[in-house]
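Here is model16.pdb, consisting of PDB, C-alpha atoms, pLDDT in the B column:
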ATOM      1  CA  MET L   1      93.446 110.226  94.567  1.00 55.00           C
ATOM      2  CA  GLU L   2      91.984 113.685  95.076  1.00 61.00           C
ATOM      3  CA  LYS L   3      93.269 115.588  98.110  1.00 57.00           C
ATOM      4  CA  ILE L   4      90.466 116.823 100.376  1.00 57.00           C
ATOM      5  CA  GLU L   5      90.939 120.238 101.934  1.00 63.00           C
ATOM      6  CA  ARG L   6      89.520 120.481 105.424  1.00 65.00           C
ATOM      7  CA  ASP L   7      89.085 123.582 107.541  1.00 68.00           C
ATOM      8  CA  LEU L   8      90.247 122.469 110.964  1.00 66.00           C
ATOM      9  CA  ARG L   9      90.278 125.950 112.474  1.00 70.00           C
ATOM     10  CA  PRO L  10      86.942 125.496 114.293  1.00 67.00           C
ATOM     11  CA  LEU L  11      88.529 122.636 116.249  1.00 69.00           C
ATOM     12  CA  THR L  12      91.666 124.448 117.426  1.00 70.00           C
ATOM     13  CA  SER L  13      90.063 125.688 120.632  1.00 72.00           C
ATOM     14  CA  VAL L  14      87.850 122.661 121.380  1.00 79.00           C
ATOM     15  CA  HIS L  15      88.906 120.901 124.546  1.00 87.00           C
ATOM     16  CA  LEU L  16      87.341 117.450 124.596  1.00 92.00           C
ATOM     17  CA  ALA L  17      89.572 115.835 127.225  1.00 93.00           C
ATOM     18  CA  PRO L  18      87.486 116.892 130.263  1.00 95.00           C
ATOM     19  CA  TYR L  19      84.341 115.459 128.655  1.00 95.00           C
ATOM     20  CA  MET L  20      86.164 112.291 127.672  1.00 94.00           C
ATOM     21  CA  GLN L  21      87.441 111.897 131.230  1.00 95.00           C
ATOM     22  CA  LEU L  22      83.906 112.402 132.559  1.00 95.00           C
ATOM     23  CA  ALA L  23      82.681 109.694 130.184  1.00 95.00           C
ATOM     24  CA  THR L  24      85.045 107.170 131.800  1.00 94.00           C
ATOM     25  CA  ALA L  25      82.365 106.869 134.495  1.00 93.00           C
ATOM     26  CA  LEU L  26      80.600 104.641 131.937  1.00 94.00           C
ATOM     27  CA  ILE L  27      83.432 102.102 131.689  1.00 94.00           C
ATOM     28  CA  GLY L  28      81.627  99.713 134.055  1.00 88.00           C
ATOM     29  CA  LYS L  29      78.370  99.839 132.088  1.00 88.00           C
ATOM     30  CA  ARG L  30      78.270  96.811 129.785  1.00 87.00           C
ATOM     31  CA  ARG L  31      76.652  96.898 126.347  1.00 85.00           C
ATOM     32  CA  HIS L  32      74.334  94.288 124.879  1.00 78.00           C
ATOM     33  CA  ALA L  33      76.800  93.718 122.037  1.00 79.00           C
ATOM     34  CA  GLY L  34      79.797  93.586 124.370  1.00 78.00           C
ATOM     35  CA  GLY L  35      82.255  96.282 125.302  1.00 84.00           C
ATOM     36  CA  ASN L  36      81.250  99.164 127.517  1.00 89.00           C
ATOM     37  CA  MET L  37      79.356 102.414 127.294  1.00 91.00           C
ATOM     38  CA  PHE L  38      82.501 104.573 127.448  1.00 93.00           C
ATOM     39  CA  ARG L  39      83.668 103.149 124.136  1.00 93.00           C
ATOM     40  CA  HIS L  40      80.222 103.771 122.670  1.00 95.00           C
ATOM     41  CA  GLN L  41      80.460 107.471 123.614  1.00 95.00           C
ATOM     42  CA  VAL L  42      83.806 107.798 121.816  1.00 96.00           C
ATOM     43  CA  ASP L  43      82.489 105.827 118.846  1.00 96.00           C
ATOM     44  CA  THR L  44      79.483 108.145 118.573  1.00 97.00           C
ATOM     45  CA  MET L  45      81.821 111.129 118.462  1.00 97.00           C
ATOM     46  CA  SER L  46      83.883 109.420 115.762  1.00 96.00           C
ATOM     47  CA  VAL L  47      80.734 109.013 113.636  1.00 97.00           C
ATOM     48  CA  LEU L  48      80.133 112.757 113.910  1.00 97.00           C
ATOM     49  CA  VAL L  49      83.720 113.531 112.938  1.00 94.00           C
ATOM     50  CA  ASP L  50      83.432 111.061 110.050  1.00 94.00           C
ATOM     51  CA  TYR L  51      80.472 113.082 108.767  1.00 95.00           C
ATOM     52  CA  GLY L  52      82.397 116.344 109.068  1.00 92.00           C
ATOM     53  CA  TYR L  53      80.730 117.811 112.135  1.00 94.00           C
ATOM     54  CA  VAL L  54      83.036 120.204 113.988  1.00 91.00           C
ATOM     55  CA  ASP L  55      80.528 121.904 116.288  1.00 94.00           C
ATOM     56  CA  SER L  56      82.128 121.903 119.745  1.00 94.00           C
ATOM     57  CA  ILE L  57      78.860 121.521 121.663  1.00 96.00           C
ATOM     58  CA  LEU L  58      77.807 118.564 119.515  1.00 97.00           C
ATOM     59  CA  LEU L  59      81.175 116.813 119.877  1.00 97.00           C
ATOM     60  CA  LYS L  60      81.319 117.397 123.629  1.00 97.00           C
ATOM     61  CA  ALA L  61      77.749 116.158 124.110  1.00 98.00           C
ATOM     62  CA  SER L  62      78.475 113.046 122.071  1.00 98.00           C
ATOM     63  CA  LEU L  63      81.154 112.055 124.575  1.00 97.00           C
ATOM     64  CA  ILE L  64      78.702 112.112 127.481  1.00 97.00           C
ATOM     65  CA  HIS L  65      75.343 111.579 125.785  1.00 97.00           C
ATOM     66  CA  ASP L  66      74.437 108.492 127.864  1.00 95.00           C
ATOM     67  CA  ILE L  67      75.876 109.541 131.205  1.00 95.00           C
ATOM     68  CA  ILE L  68      72.659 110.884 132.765  1.00 94.00           C
ATOM     69  CA  GLU L  69      70.572 107.985 131.457  1.00 92.00           C
ATOM     70  CA  ASP L  70      72.999 105.268 132.534  1.00 92.00           C
ATOM     71  CA  ILE L  71      74.161 106.694 135.863  1.00 92.00           C
ATOM     72  CA  PRO L  72      70.932 107.617 137.688  1.00 83.00           C
ATOM     73  CA  ASP L  73      72.601 109.424 140.596  1.00 90.00           C
ATOM     74  CA  PHE L  74      75.025 111.319 138.372  1.00 93.00           C
ATOM     75  CA  ASN L  75      75.874 114.798 139.702  1.00 95.00           C
ATOM     76  CA  ILE L  76      75.130 117.173 136.822  1.00 94.00           C
ATOM     77  CA  ASN L  77      77.436 119.769 138.361  1.00 96.00           C
ATOM     78  CA  GLU L  78      80.310 117.625 137.106  1.00 95.00           C
ATOM     79  CA  ILE L  79      79.200 118.631 133.602  1.00 96.00           C
ATOM     80  CA  LEU L  80      78.226 122.206 134.347  1.00 96.00           C
ATOM     81  CA  ARG L  81      81.583 123.209 135.808  1.00 96.00           C
ATOM     82  CA  ILE L  82      83.741 121.992 132.892  1.00 96.00           C
ATOM     83  CA  ASP L  83      83.798 125.058 130.643  1.00 94.00           C
ATOM     84  CA  SER L  84      81.803 127.978 129.263  1.00 94.00           C
ATOM     85  CA  GLU L  85      79.844 125.697 126.890  1.00 95.00           C
ATOM     86  CA  ALA L  86      78.925 123.170 129.564  1.00 96.00           C
ATOM     87  CA  GLY L  87      75.384 124.503 130.000  1.00 97.00           C
ATOM     88  CA  GLN L  88      74.653 124.116 126.295  1.00 98.00           C
ATOM     89  CA  VAL L  89      76.280 120.672 126.274  1.00 98.00           C
ATOM     90  CA  TYR L  90      74.118 119.644 129.237  1.00 97.00           C
ATOM     91  CA  GLU L  91      70.941 120.873 127.498  1.00 98.00           C
ATOM     92  CA  LEU L  92      71.809 118.855 124.397  1.00 98.00           C
ATOM     93  CA  VAL L  93      72.521 115.762 126.489  1.00 98.00           C
ATOM     94  CA  LEU L  94      69.108 116.193 128.150  1.00 96.00           C
ATOM     95  CA  GLU L  95      67.440 116.333 124.737  1.00 96.00           C
ATOM     96  CA  VAL L  96      68.780 112.873 123.857  1.00 97.00           C
ATOM     97  CA  THR L  97      68.281 111.343 127.311  1.00 96.00           C
ATOM     98  CA  LYS L  98      65.463 108.867 127.770  1.00 93.00           C
ATOM     99  CA  ARG L  99      63.776 109.549 131.094  1.00 90.00           C
ATOM    100  CA  ALA L 100      63.228 106.802 133.667  1.00 87.00           C
ATOM    101  CA  GLY L 101      59.942 105.037 132.919  1.00 91.00           C
ATOM    102  CA  GLN L 102      59.592 106.681 129.502  1.00 93.00           C
ATOM    103  CA  GLN L 103      58.761 104.312 126.667  1.00 95.00           C
ATOM    104  CA  LYS L 104      61.389 104.219 123.939  1.00 94.00           C
ATOM    105  CA  SER L 105      58.785 105.002 121.274  1.00 95.00           C
ATOM    106  CA  GLU L 106      57.628 108.132 123.126  1.00 96.00           C
ATOM    107  CA  TYR L 107      61.215 109.232 123.653  1.00 96.00           C
ATOM    108  CA  LEU L 108      62.030 108.891 119.931  1.00 97.00           C
ATOM    109  CA  LYS L 109      58.752 110.512 118.848  1.00 97.00           C
ATOM    110  CA  ASN L 110      59.653 113.491 121.024  1.00 96.00           C
ATOM    111  CA  ILE L 111      63.005 113.851 119.263  1.00 97.00           C
ATOM    112  CA  ILE L 112      61.252 113.661 115.871  1.00 97.00           C
ATOM    113  CA  LYS L 113      58.729 116.324 116.869  1.00 97.00           C
ATOM    114  CA  ASN L 114      60.648 118.599 119.240  1.00 97.00           C
ATOM    115  CA  GLY L 115      64.338 117.802 118.940  1.00 97.00           C
ATOM    116  CA  SER L 116      66.786 120.474 117.916  1.00 98.00           C
ATOM    117  CA  LYS L 117      68.881 119.906 114.817  1.00 98.00           C
ATOM    118  CA  LYS L 118      71.882 119.052 117.020  1.00 98.00           C
ATOM    119  CA  ALA L 119      69.833 116.542 119.023  1.00 98.00           C
ATOM    120  CA  LYS L 120      68.698 114.865 115.820  1.00 98.00           C
ATOM    121  CA  ILE L 121      72.236 114.708 114.432  1.00 98.00           C
ATOM    122  CA  LEU L 122      73.502 113.286 117.721  1.00 98.00           C
ATOM    123  CA  LYS L 123      70.714 110.684 117.793  1.00 98.00           C
ATOM    124  CA  CYS L 124      71.624 109.594 114.249  1.00 98.00           C
ATOM    125  CA  ALA L 125      75.313 109.227 115.146  1.00 98.00           C
ATOM    126  CA  ASP L 126      74.321 107.322 118.289  1.00 97.00           C
ATOM    127  CA  ARG L 127      72.123 104.970 116.277  1.00 97.00           C
ATOM    128  CA  ILE L 128      74.795 104.393 113.637  1.00 98.00           C
ATOM    129  CA  SER L 129      77.175 103.356 116.416  1.00 96.00           C
ATOM    130  CA  ASN L 130      74.497 101.100 117.898  1.00 94.00           C
ATOM    131  CA  MET L 131      73.633  99.536 114.549  1.00 94.00           C
ATOM    132  CA  VAL L 132      77.293  98.729 113.856  1.00 95.00           C
ATOM    133  CA  SER L 133      77.511  97.090 117.291  1.00 91.00           C
ATOM    134  CA  LEU L 134      74.354  95.138 116.489  1.00 85.00           C
ATOM    135  CA  GLY L 135      76.556  93.013 114.231  1.00 82.00           C
ATOM    136  CA  PHE L 136      77.949  91.453 117.424  1.00 84.00           C
ATOM    137  CA  VAL L 137      74.526  90.595 118.853  1.00 82.00           C
ATOM    138  CA  ASN L 138      73.266  87.066 118.291  1.00 81.00           C
ATOM    139  CA  GLU L 139      69.710  87.432 119.602  1.00 86.00           C
ATOM    140  CA  PRO L 140      67.509  87.577 116.493  1.00 87.00           C
ATOM    141  CA  ALA L 141      64.449  88.961 118.282  1.00 87.00           C
ATOM    142  CA  PHE L 142      66.509  91.844 119.680  1.00 89.00           C
ATOM    143  CA  ILE L 143      68.012  92.534 116.247  1.00 92.00           C
ATOM    144  CA  GLU L 144      64.601  92.535 114.583  1.00 92.00           C
ATOM    145  CA  ARG L 145      63.105  94.828 117.224  1.00 93.00           C
ATOM    146  CA  TYR L 146      66.047  97.231 116.935  1.00 93.00           C
ATOM    147  CA  CYS L 147      65.795  97.312 113.133  1.00 96.00           C
ATOM    148  CA  ASP L 148      62.050  97.967 113.334  1.00 96.00           C
ATOM    149  CA  GLU L 149      62.639 100.806 115.785  1.00 97.00           C
ATOM    150  CA  THR L 150      65.336 102.291 113.563  1.00 97.00           C
ATOM    151  CA  GLU L 151      63.088 102.225 110.489  1.00 97.00           C
ATOM    152  CA  LEU L 152      60.071 103.641 112.288  1.00 97.00           C
ATOM    153  CA  TYR L 153      61.689 106.369 114.385  1.00 97.00           C
ATOM    154  CA  VAL L 154      65.294 107.035 113.415  1.00 98.00           C
ATOM    155  CA  PHE L 155      64.945 107.043 109.623  1.00 98.00           C
ATOM    156  CA  PRO L 156      62.644 110.118 109.820  1.00 98.00           C
ATOM    157  CA  ILE L 157      65.157 111.869 112.078  1.00 98.00           C
ATOM    158  CA  ALA L 158      68.012 111.139 109.674  1.00 98.00           C
ATOM    159  CA  LEU L 159      65.977 112.218 106.647  1.00 97.00           C
ATOM    160  CA  ASP L 160      65.359 115.508 108.424  1.00 97.00           C
ATOM    161  CA  VAL L 161      69.024 116.318 109.098  1.00 97.00           C
ATOM    162  CA  ASN L 162      71.499 114.301 107.024  1.00 97.00           C
ATOM    163  CA  PHE L 163      70.652 112.144 104.018  1.00 97.00           C
ATOM    164  CA  ASN L 164      74.056 110.439 104.090  1.00 97.00           C
ATOM    165  CA  MET L 165      73.432 109.294 107.655  1.00 98.00           C
ATOM    166  CA  TYR L 166      70.049 107.986 106.501  1.00 98.00           C
ATOM    167  CA  GLU L 167      71.741 106.014 103.730  1.00 98.00           C
ATOM    168  CA  GLU L 168      74.202 104.481 106.186  1.00 98.00           C
ATOM    169  CA  LEU L 169      71.414 103.575 108.603  1.00 98.00           C
ATOM    170  CA  LEU L 170      69.441 102.034 105.729  1.00 98.00           C
ATOM    171  CA  ALA L 171      72.443  99.921 104.697  1.00 97.00           C
ATOM    172  CA  LEU L 172      72.980  98.802 108.295  1.00 97.00           C
ATOM    173  CA  VAL L 173      69.325  97.817 108.718  1.00 97.00           C
ATOM    174  CA  MET L 174      69.397  95.934 105.404  1.00 96.00           C
ATOM    175  CA  SER L 175      72.551  94.119 106.507  1.00 94.00           C
ATOM    176  CA  ARG L 176      70.985  93.051 109.802  1.00 93.00           C
ATOM    177  CA  ARG L 177      67.752  91.985 108.080  1.00 92.00           C
ATOM    178  CA  LYS L 178      69.800  89.928 105.594  1.00 92.00           C
ATOM    179  CA  TYR L 179      71.457  88.206 108.554  1.00 90.00           C
ATOM    180  CA  LEU L 180      68.038  87.441 110.060  1.00 87.00           C
ATOM    181  CA  ASP L 181      66.848  86.009 106.751  1.00 86.00           C
ATOM    182  CA  GLU L 182      69.967  83.917 106.161  1.00 85.00           C
ATOM    183  CA  SER L 183      69.915  82.581 109.722  1.00 83.00           C
ATOM    184  CA  GLY L 184      66.414  81.182 109.152  1.00 76.00           C
ATOM    185  CA  TYR L 185      64.976  83.335 111.920  1.00 67.00           C
ATOM    186  CA  LEU L 186      62.372  85.054 109.734  1.00 61.00           C
ATOM    187  CA  LEU L 187      61.202  81.706 108.359  1.00 68.00           C
ATOM    188  CA  ARG L 188      60.829  80.317 111.894  1.00 68.00           C
ATOM    189  CA  VAL L 189      58.843  83.391 112.948  1.00 61.00           C
ATOM    190  CA  ALA L 190      56.554  83.074 109.918  1.00 60.00           C
ATOM    191  CA  GLU L 191      55.994  79.369 110.589  1.00 65.00           C
ATOM    192  CA  HIS L 192      55.274  80.080 114.248  1.00 61.00           C
ATOM    193  CA  GLN L 193      52.716  82.730 113.283  1.00 63.00           C
ATOM    194  CA  LYS L 194      50.869  80.217 111.056  1.00 65.00           C
ATOM    195  CA  GLU L 195      50.359  77.831 113.997  1.00 62.00           C
TER     196      GLU L 195
END

In structure tokens, write the structure found in this file.
Amino acid sequence: MEKIERDLRPLTSVHLAPYMQLATALIGKRRHAGGNMFRHQVDTMSVLVDYGYVDSILLKASLIHDIIEDIPDFNINEILRIDSEAGQVYELVLEVTKRAGQQKSEYLKNIIKNGSKKAKILKCADRISNMVSLGFVNEPAFIERYCDETELYVFPIALDVNFNMYEELLALVMSRRKYLDESGYLLRVAEHQKE
């Protein structure tokens, strides 16, 4: 087995603990697939690390990327007072935050058109985490809708920033679509449409 040399020096001064502690505010927010939103934040960061990202702002933002969206009365000063990068972290979190009343399609189109490279990378890691969790969802209509959304809006984002992330998303979508086919769901939908 070939030994991989990694340059860990960029991470020696990254302090993630305050952001991780802030993310614990999401422990009470349940996920559709089970678990809670805090775990999803940590999982999203692990996807970034898995892909070799060591940018401190990106990693910090990944730990709190849903906090503004999921806690409507969240005090943003809790973010802004953490460290010298907090303002940049906050701006990145805002880029990937769906606004109240905003349609999901408009939100994702905005990231495609106007998102920074970091926002696009973070959205891909977020979606990979969500697609993995989708394996624990047993509502076929939800799975189909989520796969459609991923193909239409997130594939272009991934193709723009990281082809390997695109390939993983493609494999995850194919896996979920295979499940829908094998469960008979797609056949039932087709038969229903003929009526």

Close residues, region 152-163 of chain L itself excluded, 9 Å, only C-alpha atoms, min 2 positions apart in chain, as a ChimeraX atom specification = /L:105,108-109,111-112,117-118,120-121,123-124,127,147-150,165-170

Name every residue that the PyMOL selection byres ((chain L and resi 38) around 6) selects in this structure, writing the answer as a PyMOL selection string with chains first and numbers rising.
-> chain L and resi 23-24+26-27+36-37+39-41

Could those residues be written to a file, using C-alpha atoms, as a PDB file, keeping the file's coordinate frame?
ATOM      1  CA  ALA L  23      82.681 109.694 130.184  1.00 95.00           C
ATOM      2  CA  THR L  24      85.045 107.170 131.800  1.00 94.00           C
ATOM      3  CA  LEU L  26      80.600 104.641 131.937  1.00 94.00           C
ATOM      4  CA  ILE L  27      83.432 102.102 131.689  1.00 94.00           C
ATOM      5  CA  ASN L  36      81.250  99.164 127.517  1.00 89.00           C
ATOM      6  CA  MET L  37      79.356 102.414 127.294  1.00 91.00           C
ATOM      7  CA  ARG L  39      83.668 103.149 124.136  1.00 93.00           C
ATOM      8  CA  HIS L  40      80.222 103.771 122.670  1.00 95.00           C
ATOM      9  CA  GLN L  41      80.460 107.471 123.614  1.00 95.00           C
TER      10      GLN L  41
END

Of the listed residues L:Thr44, L:Gln21, L:Asn130, L:Ser56, that which approaches Arg9 (chain L) most closely, counting all atoms listed in the file =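 That would be L:Ser56, the residue with the smallest distance to Arg9 (chain L).
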
Do you have the CA of Ser175 (chain L)-CA of Met131 (chain L) distance handy?
->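 It comes out at 9.8 Å.
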
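Between CA of Val89 (chain L) and CA of Ile71 (chain L) there is a distance of 17.1 Å.
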
Please provide as a PyMOL selection string all residues within 12 Å of Arg176 (chain L), with the sequence filter that same-chain residues fewer than 2 positions apart are discarded (counting only C-alpha atoms).
-> chain L and resi 130-148+150+169-174+178-183+185-186

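For the pair CA of Leu122 (chain L) and CA of Val96 (chain L), the interatomic distance is 7.8 Å.
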
Evaluate the PyMOL selection byres ((chain L and resi 18) around 10) on the structure here and hand back the selected residues as a list in words.
->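 That expression, the PyMOL selection byres ((chain L and resi 18) around 10), corresponds here to His15, Leu16, Ala17, Tyr19, Met20, Gln21, Leu22, Ala23, Lys60, Leu63, Glu78, Ile79, Ile82 and Asp83 of chain L.
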
Could the residues in this selection be written to a file with C-alpha atoms, as a compact mmCIF listing (two decimals), in the coordinates of the input?
# COMPACT_ATOMS: atom_id res chain seq x y z
CA HIS L 15 88.91 120.90 124.55
CA LEU L 16 87.34 117.45 124.60
CA ALA L 17 89.57 115.84 127.22
CA TYR L 19 84.34 115.46 128.66
CA MET L 20 86.16 112.29 127.67
CA GLN L 21 87.44 111.90 131.23
CA LEU L 22 83.91 112.40 132.56
CA ALA L 23 82.68 109.69 130.18
CA LYS L 60 81.32 117.40 123.63
CA LEU L 63 81.15 112.06 124.58
CA GLU L 78 80.31 117.62 137.11
CA ILE L 79 79.20 118.63 133.60
CA ILE L 82 83.74 121.99 132.89
CA ASP L 83 83.80 125.06 130.64

Might you pull out every residue within 9 Å of Glu69 (chain L), with all atoms listed in the file counted and same-chain residues fewer than 3 positions away left off, and present them as a list in words?
->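 Here the qualifying residues turn out to be His65, Asp66, Pro72, Phe74, Leu94, Thr97, Lys98, Arg99 and Ala100 of chain L.
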
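All protein and nucleic acid residues in the vicinity of (80.5, 122.8, 123.0), that is within 7 Å when counting all atoms listed in the file, are Asp55, Ser56, Ile57, Leu58, Leu59, Lys60, Glu85, Ala86, Gln88 and Val89 of chain L.
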